[in-house]
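These notes concern the structure reproduced below.
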Amino acid sequence: EHYLFLANGFRQVSSVDDELLGAYVTASKVFHFTGGRLVEIDSFLTSGAASIETFAIGTTTFVVVANNFDGLRTDIDSDLYEFHPASLVGSTYLTKIQEIPTKAAKAWHHFVHLFVHYVFVAQAFDPDANSYITPSVLYRYSGGSLVQSQTVMTSSVTSISSFHVGTRTFLVLSNAGGDSGSASS
């Protein structure tokens with residue numbers, strides 16, 4: 001079975017003088033690859049969704065959405081869902097299990113270190129400090145939810161990757177720039 005999760009960050013409603021008018025709170029989609037084509041099977045509301053990360057722990061598949069902007073604010077919750085591919089819970093394939101406070105979330109990245117599951121969220125802007133220098137957060141999966149484990153000051157992180165060397169795990173962060181607008185890494 002193959003599924004595709006589409007993060008939808010903006011829905012155009014109309015345009016005036018070539019300026020798009022629309023909504024950031026819109027439906028992101030779940031598609032099932034069947035019969036050689038993608039078929040939409042579910043949708044769920046997101047707020048300026050920048051990305052979606054899926055990961056499995058045991059037989060359970062999780063989906064975490066990086067909600068970035070709701071049209072007014074960037075300090076909005078991102079959501080963790082449990083995915084039910086057989087739609088065991090009725091008409092929906094997703095069950096929201098946790099709301100996670102984020103600030104202009106750009107991406108989530110799942111990795112395993114020493115048999116423990118972690119998820120790191122890249123945050124791009126701190127509205128409280130009015131700064132692109134913002135804490136990105138590492139969460140540990142524990143007892144059915146994500147628990148904050150560590151914060152790392154970053155400069156408008158846009159993507160994350162990880163790799164292993166022996167028993168060590170390394171995270172690689174792509175910084176888009178700081179308050180001066182210059183690129184950094």
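Letters for chains follow the order of the structure tokens (A, B, ...), residue numbers begin at 1 for each chain, and ligand numbers begin at 1 in the order shown.
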| task | Please identify which residues in region 3-164 of chain A DSSP calls strand (DSSP E) from the backbone, and express them as JSON, numbers by chain. | result | {"A": [3, 4, 5, 6, 11, 12, 13, 14, 15, 16, 19, 20, 21, 22, 23, 25, 26, 27, 28, 29, 30, 31, 32, 33, 34, 37, 38, 39, 40, 41, 42, 43, 44, 45, 46, 47, 49, 50, 51, 52, 53, 54, 55, 56, 57, 60, 61, 62, 63, 64, 65, 66, 67, 77, 78, 79, 80, 81, 82, 83, 94, 95, 96, 97, 98, 99, 100, 101, 105, 106, 107, 108, 109, 110, 111, 112, 113, 116, 117, 118, 119, 120, 121, 122, 123, 133, 134, 135, 136, 137, 138, 139, 140, 141, 142, 145, 146, 147, 148, 149, 150, 151, 152, 153, 154, 155, 157, 158, 159, 160, 161, 162, 163, 164]}
| field | Polymer residues at most 6 Å from Ala23 (chain A), only C-alpha atoms, same-chain spacing of 2 or more positions, as a ChimeraX atom specification | value | /A:10-11,25
With all heavy atoms kept, could you save the residues just selected as a short mmCIF file (atom, residue, chain, number, x, y, z; two decimals), in the first residue's frame?
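The resulting selection03.cif:
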data_model
loop_
_atom_site.label_atom_id
_atom_site.label_comp_id
_atom_site.auth_asym_id
_atom_site.auth_seq_id
_atom_site.Cartn_x
_atom_site.Cartn_y
_atom_site.Cartn_z
N PHE A 10 -1.80 27.19 0.89
CA PHE A 10 -2.58 28.36 0.50
C PHE A 10 -3.66 27.94 -0.48
O PHE A 10 -3.42 27.11 -1.36
CB PHE A 10 -1.66 29.40 -0.14
CG PHE A 10 -2.33 30.69 -0.53
CD1 PHE A 10 -2.60 31.66 0.42
CD2 PHE A 10 -2.68 30.94 -1.85
CE1 PHE A 10 -3.21 32.85 0.07
CE2 PHE A 10 -3.29 32.13 -2.22
CZ PHE A 10 -3.55 33.09 -1.25
N ARG A 11 -4.83 28.51 -0.35
CA ARG A 11 -5.93 28.23 -1.29
C ARG A 11 -6.37 29.54 -1.90
O ARG A 11 -6.85 30.44 -1.22
CB ARG A 11 -7.11 27.58 -0.56
CG ARG A 11 -8.33 27.35 -1.43
CD ARG A 11 -9.44 26.63 -0.68
NE ARG A 11 -9.73 27.22 0.61
CZ ARG A 11 -10.63 28.19 0.83
NH1 ARG A 11 -11.32 28.69 -0.16
NH2 ARG A 11 -10.84 28.65 2.04
N VAL A 25 -5.64 28.85 5.93
CA VAL A 25 -6.29 27.72 6.58
C VAL A 25 -7.08 27.01 5.48
O VAL A 25 -8.08 27.53 4.98
CB VAL A 25 -7.21 28.15 7.74
CG1 VAL A 25 -7.91 26.95 8.34
CG2 VAL A 25 -6.39 28.89 8.80
#
Contacts of region 32-83 of chain A with region 115-136 of chain A up to 9 Å, shortest pair per row, only C-alpha atoms, as CSV:
residue,atom,partner,partner_atom,distance
A:Ile57,CA,A:His117,CA,7.8
A:Ala66,CA,A:Val121,CA,7.8
A:Asn68,CA,A:Gln123,CA,8.6
A:Arg73,CA,A:Pro127,CA,8.0
A:Thr74,CA,A:Pro127,CA,6.9
A:Asp75,CA,A:Pro127,CA,6.8
| query | CA of Phe62 (chain A) to CA of Leu173 (chain A): how many Å, to one decimal? | reply | 22.3 Å
